[in-house]
Structures are given as structure tokens and as C-alpha cells.
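Taking it in order: structure first as C-alpha cells, then the write-up.
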Amino acid sequence: MRIIAGSAKGFAIKVPQGEVRPTQDRVREALFNILGPIVDGSRILDLFSGSGSVGLESLSRGAASARMVDASRDSCTMATKNMERSKLSGGSITQSDCLQFVRRDRGRYDIIFADPPYCKSFGDRDMIAELMTDRLAELLSPDGYFIAEAQEGYGVGDRLSREFAGWKLVDERNYGKNVILFYQVDKEL
């Protein structure tokens with residue numbers, strides 16, 4: 001896995017062993033092509049960041065800052081090493097349960113990205129749905145985007161489960177079994 005574009009283009013991102021499922025290069029490339037110049041100068045929050053690939057890609061493409069949050073010590077250690085080796089600045093790594101982090105953080109972000117463990121069967125915990133609260137909306141700047149990655153078919157990945165009070169689904173893209181959902185705060189409420 002590599003950084004696709006920007007100042008650190010080609011940098012090899014190391015991934016911790018175990019249950020980490022990094023956002024695939026082609027999905028990350030498509031995501032950043034959609035966002036385009038919005039990333040430049042933005043404040044990014046990368047929840048369930050794993051190796052830090054989305055936060056690092058953001059910094060490489062000119063983001064002002066990228067806060068990467070993950071509950072796993074191994075993931076945070078690897079993300080820290082990746083950031084140091086890439087020589088990108090403006091990034092920070094926080095080891096925390098992402099849902100608890102959202103409840104207590106007081107930052108303001110232009111783009112919030114979440115790639116939690118997928119719902120793979122009925123009854124699995126849907127962490128994206130748990131995030132979709134007024135508290136998350138308070139962290140998002142006006143006109144900012146909350147972007148969630150899910151597996152098609154379960155939880156938020158199910159077409160019938162993508163609507164949330166206070167949020168407007170503005171775009172969705174499918175990449176194989178992955179679906180990327182783009183939300184903004186619904187200003188009409």
C-alpha cells in the first residue's frame with residue numbers, strides 16, 4: 001500500500017498485522033479524486049484510522065492537519081511510524097475508542113472519515129450508525145463532509161439504512177463490496 005499523490009507520493013505505508021483492513025489504494029484514490037481541491041488546507045479527522053493511510057494521504061495532498069484515531073495500540077504505533085518515516089507534518093495520532101473520542105473532542109474538522117469494522121451479518125454492531133449523532137455534527141465545519149466506508153448489504157451498507165435525522169446523504173459510490181457514503185449536516189432542519 002502506498003501514498004497515491006502529493007508530496008509523499010509513492011511512500012510505502014506499513015500495515016500492522018492482525019485484524020486491520022486498510023482502505024484499498026483504488027478506493028482511496030477514488031475518494032481523493034472526488035474530494036479534489038477540498039482537501040488542500042482542510043482539517044481532517046480519520047476515525048478507525050488503522051495504519052493512518054487516509055490521514056497520511058490527506059497530509060500528502062495538502063491538508064492543514066490530520067488527526068488519526070484508533071483504539072488499537074498496534075495500529076497507533078504503526079501510524080506513528082508511518083508518519084515519522086513519511087516526514088509529513090500536521091498529523092497527530094490518538095489511541096482511543098472512536099465513539100468515546102467523538103463524545104469528548106472539541107475540535108472542528110472539514111472532513112471526517114470513518115472506516116470502522118464492517119457489519120458482516122445481521123445483528124453486528126453498526127458503528128457508523130452509532131456515530132451519526134448531533135455530537136458528530138458539532139465537530140463538522142459548515143459545508144464539511146462526513147465520509148463513511150461500509151460493506152454493501154449490512155448496517156449502513158444496506159440501502160434502506162442510510163438515512164439519519166439531521167444528515168443529508170449527498171453522494172454514494174460503490175467499489176466492489178465497499179460503499180463510500182458522503183454526508184453533510186442537513187441545514188434545512
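Simple scheme: letters A, B, ... for chains in C-alpha cells order, numbers from 1 for residues in each chain, numbers from 1 for ligands in the order shown.
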
As a ChimeraX atom specification, please: every residue in segment 3-130 of chain A that a backbone DSSP assignment puts in alpha helix (DSSP H). /A:25-35,53-60,73-86,98-104,127-130

Determine, counting only C-alpha atoms, which protein, DNA and RNA residues have an atom within 9 Å of an atom of Ile4 of chain A; residues of the same chain fewer than 3 positions away are not included. Present the result as a ChimeraX atom specification. /A:1,8-11,25,28-29,57,60

Write the residues you've just listed into a file as a PDB file, in the first residue's frame, and include N, CA and C atoms for each of them.
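Listed below is the output, out.pdb:
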ATOM      1  N   MET A   1       0.854  -1.159   0.000  1.00  0.00           N
ATOM      2  CA  MET A   1       0.000   0.000   0.000  1.00  0.00           C
ATOM      3  C   MET A   1       0.908   1.231   0.000  1.00  0.00           C
ATOM      4  N   ALA A   8       4.256  13.216  -0.676  1.00  0.00           N
ATOM      5  CA  ALA A   8       4.832  11.926  -0.261  1.00  0.00           C
ATOM      6  C   ALA A   8       4.428  10.803  -1.216  1.00  0.00           C
ATOM      7  N   LYS A   9       4.092  11.150  -2.443  1.00  0.00           N
ATOM      8  CA  LYS A   9       3.657  10.163  -3.433  1.00  0.00           C
ATOM      9  C   LYS A   9       4.653   9.006  -3.510  1.00  0.00           C
ATOM     10  N   GLY A  10       4.119   7.778  -3.470  1.00  0.00           N
ATOM     11  CA  GLY A  10       4.938   6.586  -3.579  1.00  0.00           C
ATOM     12  C   GLY A  10       5.429   6.037  -2.252  1.00  0.00           C
ATOM     13  N   PHE A  11       5.235   6.789  -1.164  1.00  0.00           N
ATOM     14  CA  PHE A  11       5.685   6.310   0.147  1.00  0.00           C
ATOM     15  C   PHE A  11       4.934   5.028   0.505  1.00  0.00           C
ATOM     16  N   ASP A  25      -6.021   0.921  -2.086  1.00  0.00           N
ATOM     17  CA  ASP A  25      -5.460   2.032  -2.855  1.00  0.00           C
ATOM     18  C   ASP A  25      -6.462   2.583  -3.866  1.00  0.00           C
ATOM     19  N   ARG A  28      -9.155   4.537  -2.055  1.00  0.00           N
ATOM     20  CA  ARG A  28      -8.590   5.787  -1.541  1.00  0.00           C
ATOM     21  C   ARG A  28      -8.346   6.779  -2.678  1.00  0.00           C
ATOM     22  N   GLU A  29      -7.838   6.282  -3.801  1.00  0.00           N
ATOM     23  CA  GLU A  29      -7.607   7.150  -4.962  1.00  0.00           C
ATOM     24  C   GLU A  29      -8.924   7.745  -5.448  1.00  0.00           C
ATOM     25  N   GLU A  57      -2.508  10.247   3.460  1.00  0.00           N
ATOM     26  CA  GLU A  57      -2.835  10.673   2.090  1.00  0.00           C
ATOM     27  C   GLU A  57      -3.323  12.117   2.099  1.00  0.00           C
ATOM     28  N   SER A  60      -0.368  14.434   2.608  1.00  0.00           N
ATOM     29  CA  SER A  60       0.423  14.461   1.381  1.00  0.00           C
ATOM     30  C   SER A  60      -0.212  15.359   0.322  1.00  0.00           C
TER      31      SER A  60
END

Could you pull out the strand (DSSP E or B) residues of chain A from DSSP and send them as JSON, numbers by chain? {"A": [2, 12, 43, 44, 45, 46, 47, 65, 66, 67, 68, 69, 70, 91, 92, 93, 94, 95, 109, 110, 111, 112, 113, 114, 140, 141, 142, 143, 144, 145, 146, 147, 148, 149, 150, 151, 167, 168, 169, 170, 171, 172, 173, 174, 175, 178, 179, 180, 181, 182, 183, 184, 185]}

Distance atom CA of Glu172 of chain A-atom CA of Ala79 of chain A, one decimal place?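 Interatomic distance, atom CA of Glu172 of chain A to atom CA of Ala79 of chain A: 27.5 Å.
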
Spatial neighbours of Gln17 of chain A, max dist 12 Å, only C-alpha atoms, sep filter under 4 positions, as a list in words: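 Residues near the query, excluding close chain neighbours: Arg21, Pro22, Gly50, Ser51, Ser72, Arg73, Asp74, Ser75, Thr77 and Met78 of chain A.
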
At a cut-off of 8 Å, using only C-alpha atoms, what residues contact Gly55 of chain A? Leave out same-chain residues fewer than 6 positions from it and give the result as JSON, numbers by chain. {"A": [44, 45, 46, 49, 66, 67, 68, 91]}

At most 12 Å is the cut-off: for each residue in segment 19-59 of chain A with any atom that close to an atom of segment 126-144 of chain A, write down the nearest atom pair and the distance in Å rounded to one decimal, counting only C-alpha atoms, chain first then increasing number, as CSV.
residue,atom,partner,partner_atom,distance
A:Leu35,CA,A:Gly144,CA,11.1
A:Ile38,CA,A:Gly144,CA,9.5
A:Val39,CA,A:Gly144,CA,10.7
A:Ser42,CA,A:Gly144,CA,9.5
A:Arg43,CA,A:Ser141,CA,9.3
A:Ile44,CA,A:Leu140,CA,9.8
A:Leu45,CA,A:Leu139,CA,9.4
A:Leu47,CA,A:Leu131,CA,10.2
A:Phe48,CA,A:Met127,CA,10.1

Limited to N, CA and C atoms, could you put the picked residues into a file as a tab-separated table (two decimals), in the first residue's frame?
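Heads up, here's the output in result-v1.tsv:
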chain	number	residue	atom	x	y	z
A	35	LEU	N	-12.97	14.24	-3.80
A	35	LEU	CA	-12.78	15.41	-2.94
A	35	LEU	C	-11.97	16.51	-3.61
A	38	ILE	N	-10.75	20.19	-2.27
A	38	ILE	CA	-11.32	20.42	-0.94
A	38	ILE	C	-10.32	20.02	0.16
A	39	VAL	N	-9.48	19.05	-0.12
A	39	VAL	CA	-8.54	18.53	0.87
A	39	VAL	C	-7.48	19.58	1.22
A	42	SER	N	-7.44	21.66	4.48
A	42	SER	CA	-8.52	21.16	5.36
A	42	SER	C	-7.98	20.57	6.65
A	43	ARG	N	-8.88	20.52	7.63
A	43	ARG	CA	-8.63	19.82	8.89
A	43	ARG	C	-9.37	18.50	8.80
A	44	ILE	N	-8.62	17.40	8.94
A	44	ILE	CA	-9.14	16.05	8.72
A	44	ILE	C	-9.20	15.30	10.04
A	45	LEU	N	-10.27	14.55	10.26
A	45	LEU	CA	-10.37	13.60	11.36
A	45	LEU	C	-10.58	12.23	10.74
A	47	LEU	N	-11.23	8.56	11.72
A	47	LEU	CA	-11.65	7.65	12.78
A	47	LEU	C	-11.45	6.20	12.33
A	48	PHE	N	-11.07	5.33	13.26
A	48	PHE	CA	-10.75	3.94	12.96
A	48	PHE	C	-9.62	3.93	11.93

Select, from A:Cys76, A:Ala148, A:Val156, A:Val69, the residue with the minimum atom-to-atom distance to Val102 of chain A, counting only C-alpha atoms. A:Val69

Interatomic distance, atom CA of Lys187 of chain A to atom CA of Gln151 of chain A (Å, one decimal):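 So the two atoms, atom CA of Lys187 of chain A and atom CA of Gln151 of chain A, lie 27.8 Å apart.
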
One-decimal distance in Å that lies between atom CA of Glu149 of chain A and atom CA of Glu163 of chain A: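 One can read the atom CA of Glu163 of chain A to atom CA of Glu149 of chain A distance as 14.8 Å.
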
Nearest residue to Ile34 of chain A out of A:Phe101, A:Tyr109, A:Phe182, A:Tyr118, using only C-alpha atoms?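 That would be A:Phe182, the residue with the smallest distance to Ile34 of chain A.
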
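When only C-alpha atoms are used to measure the gap to Pro16 of chain A, the shortest distance among A:Asn33, A:Thr94, A:Ser58, A:Thr80 belongs to A:Thr80.
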